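**Q** Structure supplied as run17.cif; contents: mmCIF, C-alpha atoms.
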data_data
loop_
_atom_site.label_atom_id
_atom_site.label_comp_id
_atom_site.auth_asym_id
_atom_site.auth_seq_id
_atom_site.Cartn_x
_atom_site.Cartn_y
_atom_site.Cartn_z
CA SER T 1 0.00 0.00 0.00
CA LEU T 2 1.16 3.57 -0.65
CA LYS T 3 2.45 5.52 2.32
CA SER T 4 1.56 9.15 3.01
CA TRP T 5 4.94 10.54 4.05
CA THR T 6 5.41 14.25 4.51
CA THR T 7 9.05 14.55 5.59
CA GLY T 8 10.68 11.11 5.89
CA ILE T 9 13.13 10.33 8.67
CA SER T 10 15.40 13.10 9.89
CA LEU T 11 19.12 12.73 9.25
CA ALA T 12 19.98 15.58 11.62
CA PHE T 13 20.53 13.13 14.48
CA VAL T 14 21.01 9.45 13.64
CA VAL T 15 22.75 6.87 15.82
CA ILE T 16 24.02 3.92 13.78
CA LYS T 17 25.83 0.83 15.03
CA PRO T 18 28.58 -0.03 12.53
CA SER T 19 27.60 -3.13 10.56
CA LEU T 20 29.20 -4.44 7.37
CA ARG T 21 26.10 -6.55 6.74
CA LEU T 22 23.80 -3.53 6.92
CA TYR T 23 26.12 -1.49 4.73
CA GLN T 24 26.15 -4.18 2.03
CA ARG T 25 22.37 -4.55 2.14
CA LEU T 26 21.88 -0.81 1.81
CA ILE T 27 24.18 -0.74 -1.21
CA ALA T 28 22.28 -3.64 -2.78
CA THR T 29 18.94 -1.96 -2.08
CA TYR T 30 20.15 1.25 -3.69
CA GLN T 31 21.39 -0.58 -6.79
CA LYS T 32 18.40 -2.86 -7.30
CA THR T 33 15.37 -0.90 -6.09
CA PRO T 34 13.72 1.31 -8.73
CA TYR T 35 12.74 4.86 -7.83
CA ASN T 36 9.52 6.32 -9.20
CA PRO T 37 9.29 10.16 -9.24
CA ASP T 38 5.62 9.99 -8.22
CA TYR T 39 5.64 7.04 -5.82
CA GLY T 40 9.19 6.82 -4.54
CA TRP T 41 11.36 3.79 -3.81
CA ASP T 42 9.79 0.56 -5.09
CA SER T 43 6.64 2.68 -5.73
CA LYS T 44 5.73 2.39 -2.04
CA GLY T 45 4.88 6.06 -1.60
CA TYR T 46 8.08 7.34 -0.04
CA ALA T 47 8.21 10.49 -2.14
CA HIS T 48 7.31 14.18 -2.39
CA TYR T 49 9.59 15.52 0.34
CA ALA T 50 13.08 16.99 0.24
CA GLY T 51 15.66 14.20 -0.05
CA SER T 52 13.16 11.47 -0.93
CA MET T 53 15.35 10.34 -3.85
CA GLN T 54 18.53 10.51 -1.79
CA SER T 55 19.75 9.00 1.49
CA LYS T 56 16.78 10.34 3.45
CA GLY T 57 14.25 8.61 1.23
CA LEU T 58 16.25 5.42 0.82
CA LEU T 59 16.73 4.97 4.57
CA THR T 60 13.06 5.76 5.21
CA TYR T 61 12.08 3.08 2.70
CA TYR T 62 14.65 0.54 3.91
CA PHE T 63 13.81 0.72 7.60
CA SER T 64 10.08 0.78 6.92
CA GLU T 65 9.82 -1.92 4.26
CA VAL T 66 12.97 -4.05 4.09
CA GLU T 67 14.00 -4.35 7.75
CA PRO T 68 11.39 -2.53 9.83
CA ASN T 69 12.40 -4.34 13.03
CA ARG T 70 16.01 -3.15 12.94
CA LYS T 71 15.30 0.44 13.89
CA MET T 72 14.19 2.38 16.93
CA GLU T 73 12.59 5.77 16.46
CA LEU T 74 13.66 8.44 18.93
CA HIS T 75 11.31 11.16 20.11
CA ARG T 76 11.97 14.03 17.72
CA CYS T 77 10.99 16.64 20.31
CA ILE T 78 13.75 15.37 22.62
CA PHE T 79 16.51 14.25 20.25
CA ASN T 80 16.03 16.66 17.33
CA ASN T 81 13.97 19.59 18.50
CA LEU T 82 13.60 22.14 15.70
CA ALA T 83 11.15 24.42 17.48
CA ASP T 84 9.04 24.07 14.35
CA MET T 85 5.29 24.16 13.93
CA PRO T 86 3.71 20.71 14.38
CA PHE T 87 2.07 20.65 10.95
CA ILE T 88 3.11 21.36 7.37
CA ALA T 89 1.46 22.07 4.05
CA ASP T 90 0.85 18.97 1.95
CA ARG T 91 0.45 18.83 -1.83
CA THR T 92 -3.11 20.15 -1.60
CA GLY T 93 -2.02 23.21 0.37
CA SER T 94 -3.57 22.02 3.64
CA LYS T 95 -1.99 23.38 6.83
CA ASP T 96 -3.35 20.56 9.01
CA THR T 97 -1.04 17.72 8.03
CA CYS T 98 0.96 16.55 11.06
CA ARG T 99 4.71 16.20 10.58
CA ASP T 100 4.53 12.79 12.22
CA VAL T 101 2.89 10.33 9.83
CA LYS T 102 1.70 8.24 12.80
CA GLU T 103 -0.56 11.13 13.75
CA HIS T 104 -2.45 11.06 10.45
CA GLN T 105 -5.41 9.42 12.15
CA ILE T 106 -9.02 10.09 12.99
CA LEU T 107 -10.05 9.63 16.63
CA PRO T 108 -13.18 7.69 17.62
CA ASP T 109 -15.13 10.92 18.03
CA GLY T 110 -14.42 11.80 14.40
CA SER T 111 -11.87 14.51 15.14
CA ALA T 112 -8.32 14.52 13.80
CA MET T 113 -5.50 13.41 16.10
CA PRO T 114 -3.72 16.52 17.44
CA CYS T 115 -0.20 17.08 16.17
CA THR T 116 2.65 16.81 18.69
CA ASP T 117 4.06 20.32 19.22
CA CYS T 118 7.79 20.14 19.99
CA ARG T 119 7.77 23.81 20.94
CA LEU T 120 5.92 22.84 24.11
CA GLN T 121 8.41 20.13 25.11
CA VAL T 122 9.72 20.40 28.68
CA PHE T 123 13.00 22.23 28.10
CA LYS T 124 15.19 20.28 30.53
CA GLU T 125 14.22 17.04 28.77
CA ILE T 126 15.57 18.16 25.38
CA MET T 127 18.81 16.36 24.56
CA VAL T 128 19.52 17.69 21.03
CA ALA T 129 18.50 21.09 19.67
CA ASN T 130 18.51 21.56 15.90
CA PHE T 131 19.27 25.17 14.89
CA ALA T 132 18.16 24.82 11.24
CA LEU T 133 15.07 26.92 11.86
CA CYS T 134 16.26 29.06 14.77
CA GLN T 135 19.55 29.86 12.97
CA ALA T 136 23.03 29.19 14.27
CA PRO T 137 23.80 31.02 17.54
CA TRP T 138 27.09 32.42 16.21
CA THR T 139 25.17 34.35 13.55
CA CYS T 140 23.63 36.41 16.37
CA PRO T 141 20.19 36.27 14.76
CA THR T 142 17.66 38.98 15.52
CA MET T 143 15.12 37.54 17.93
CA LYS T 144 12.22 39.95 17.92
CA VAL T 145 9.05 39.35 19.88
CA VAL T 146 6.54 37.71 17.55
CA GLU T 147 3.01 39.01 17.72
CA ILE T 148 1.50 36.20 15.61
CA PRO T 149 0.20 33.67 18.16
CA LEU T 150 0.96 30.72 15.86
CA LEU T 151 4.66 31.62 15.67
CA ARG T 152 5.25 32.89 19.20
CA PRO T 153 6.09 29.42 20.66
CA THR T 154 8.82 29.08 18.00
CA TYR T 155 10.32 32.43 19.01
CA GLU T 156 10.25 31.46 22.67
CA MET T 157 11.90 28.06 22.14
CA CYS T 158 14.55 29.48 19.78
CA SER T 159 15.39 32.14 22.36
CA ARG T 160 15.94 29.46 24.99
CA PHE T 161 18.13 27.45 22.59
CA HIS T 162 20.32 30.47 21.87
CA GLU T 163 20.57 31.55 25.50
CA SER T 164 21.60 28.02 26.54
CA TRP T 165 24.26 27.84 23.82
CA PHE T 166 25.84 31.12 24.86
CA ARG T 167 25.64 30.22 28.53
CA LEU T 168 27.57 27.04 27.68
CA ARG T 169 30.16 29.01 25.72
CA LYS T 170 30.62 31.37 28.67
CA SER T 171 31.07 28.41 30.99
CA VAL T 172 33.72 26.90 28.72
CA GLU T 173 35.74 30.12 28.66
CA GLU T 174 35.51 30.62 32.41
CA ASN T 175 36.55 27.04 33.19
CA ILE T 176 39.30 26.55 30.61
CA LEU T 177 40.80 29.94 29.74
CA SER T 178 42.68 32.32 31.97
CA PRO T 179 41.16 35.81 32.46
CA SER T 180 43.64 37.31 30.00
CA GLU T 181 42.64 34.79 27.30
CA ARG T 182 38.91 35.38 27.55
CA VAL T 183 36.90 37.61 25.26
CA LYS T 184 35.42 40.65 26.97
CA ALA T 185 31.75 39.82 26.88
CA ASN T 186 30.46 43.37 26.81
CA GLY T 187 28.41 43.23 23.61
CA MET T 188 25.13 45.08 23.89
CA PHE T 189 23.16 43.22 21.22
CA GLN T 190 20.40 41.43 23.15
CA PRO T 191 22.71 40.56 26.07
CA GLU T 192 19.91 38.75 27.87
CA LEU T 193 20.15 36.07 25.15
CA PHE T 194 23.72 36.27 23.91
CA HIS T 195 25.51 36.92 27.24
CA GLY T 196 27.55 39.80 25.80
CA TYR T 197 29.06 37.84 22.89
CA CYS T 198 27.15 39.72 20.19
CA ILE T 199 27.54 43.36 19.24
CA PRO T 200 25.20 45.40 17.03
CA GLY T 201 25.90 44.59 13.37
CA MET T 202 24.68 45.44 9.90
CA GLY T 203 21.03 45.28 8.91
CA GLY T 204 19.71 45.21 12.45
CA GLY T 205 21.37 41.90 13.29
CA GLY T 206 24.30 41.13 15.56
CA ALA T 207 28.01 40.46 15.02
CA TYR T 208 29.59 37.55 16.87
CA LEU T 209 32.59 37.94 19.17
CA LYS T 210 34.72 34.87 18.47
CA MET T 211 36.95 33.19 21.01
CA GLU T 212 40.44 34.66 20.84
CA LYS T 213 42.00 31.27 21.50
CA THR T 214 41.03 27.98 19.85
CA ILE T 215 39.97 25.37 22.37
CA SER T 216 40.06 21.65 21.69
CA ILE T 217 38.44 19.07 23.91
CA ARG T 218 39.26 15.39 23.81
CA ASN T 219 36.25 13.17 23.24
CA GLY T 220 35.27 9.97 21.47
CA PHE T 221 35.57 11.68 18.08
CA GLY T 222 39.07 13.10 18.58
CA ASN T 223 39.99 16.72 19.16
CA THR T 224 37.02 18.96 18.57
CA PRO T 225 37.68 22.73 18.31
CA LEU T 226 35.17 25.02 19.99
#
Would you write the structure of this file as structure tokens?
**A**
Amino acid sequence: SLKSWTTGISLAFVVIKPSLRLYQRLIATYQKTPYNPDYGWDSKGYAHYAGSMQSKGLLTYYFSEVEPNRKMELHRCIFNNLADMPFIADRTGSKDTCRDVKEHQILPDGSAMPCTDCRLQVFKEIMVANFALCQAPWTCPTMKVVEIPLLRPTYEMCSRFHESWFRLRKSVEENILSPSERVKANGMFQPELFHGYCIPGMGGGGAYLKMEKTISIRNGFGNTPL
């Protein structure tokens, strides 16, 4: 049966256990499975979203049709929170299509299942924040109060993401660098969010105050500069 996918799986945060067997099966699936522009991989309906013909679509198809029991879906509001609206426009222009395909259901009372809103997720439970929508903190994006009720939760969650990132940066400098090596955090561009690391820039935005000294921390992936 055809699937009604709106976004496919997210590749922003994927945990994969190395497996030569899985790698070989993915290669074989890619080489042997036909892709239909209208109906996706093997004409199963995995199409009509960004990346459906590429890795995103192939992995969505593989772990839904070929080996559906070899995956575990993580809660996107906790492990990949985008602070995005819980619904998107589908091909008909509807604004009521939930991002999560499992929520495309009608409840016993005849009403549509409500879409999970990641903007309302308990903040301390969020493990991974995705800045694709909120913009990278080091761009010092302008965070103006949004008057549109539908968008205000996005503004509020993005503001908390940015404030947390800069608070972490400040903590790193204070715990690793000597006072003489630290940047003077006296920037006046929205200091309540950016902790003094952004100064007024061009076009109403902010300009980022970079660390004066490169810091590397040793972790499981080698030396990672901050």
**Q** To test your reading of the syntax: which residues would the PyMOL selection byres ((chain T and resi 208) around 8) return for the file shown? Reply as a list in words.
**A** Trp138, Thr139, Cys140, Tyr197, Cys198, Ile199, Gly206, Ala207, Leu209 and Lys210 of chain T
**Q** Mind telling me what the PyMOL selection byres ((chain T and resi 34-36) around 12) catches here, as JSON, numbers by chain?
**A** {"T": [28, 29, 30, 31, 32, 33, 37, 38, 39, 40, 41, 42, 43, 44, 45, 46, 47, 48, 52, 53, 54, 57, 58, 61]}
**Q** Given the file shown, determine the residues that the PyMOL selection byres ((chain T and resi 158) around 9) selects; report them as a list in words.
**A**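 Applying the expression gives Leu82, Ala83, Arg119, Phe131, Leu133, Cys134, Gln135, Met143, Pro153, Thr154, Tyr155, Glu156, Met157, Ser159, Arg160, Phe161, His162 and Glu163 of chain T.
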**Q** Considering all atoms listed in the file, can you say which of T:Ser180, T:Gln190, T:Ser111, T:Ser55 comes closest to Met211 (chain T)?
**A**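 Smallest distance to Met211 (chain T) is found for T:Ser180.
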**Q** What separation in Å, quoted to one decimal, exists between CA of Gly8 (chain T) and CA of Arg99 (chain T)?
**A** 9.1 Å
**Q** Would you work out the distance separating CA of Cys115 (chain T) from CA of Asn130 (chain T), expressed in Å to one decimal?
**A**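 One can read the CA of Cys115 (chain T) to CA of Asn130 (chain T) distance as 19.2 Å.
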**Q** Pick out the closest residue to Gly201 (chain T) from this set: T:Glu147, T:Pro141, T:Asn175, T:Tyr62. Count only C-alpha atoms.
**A** T:Pro141
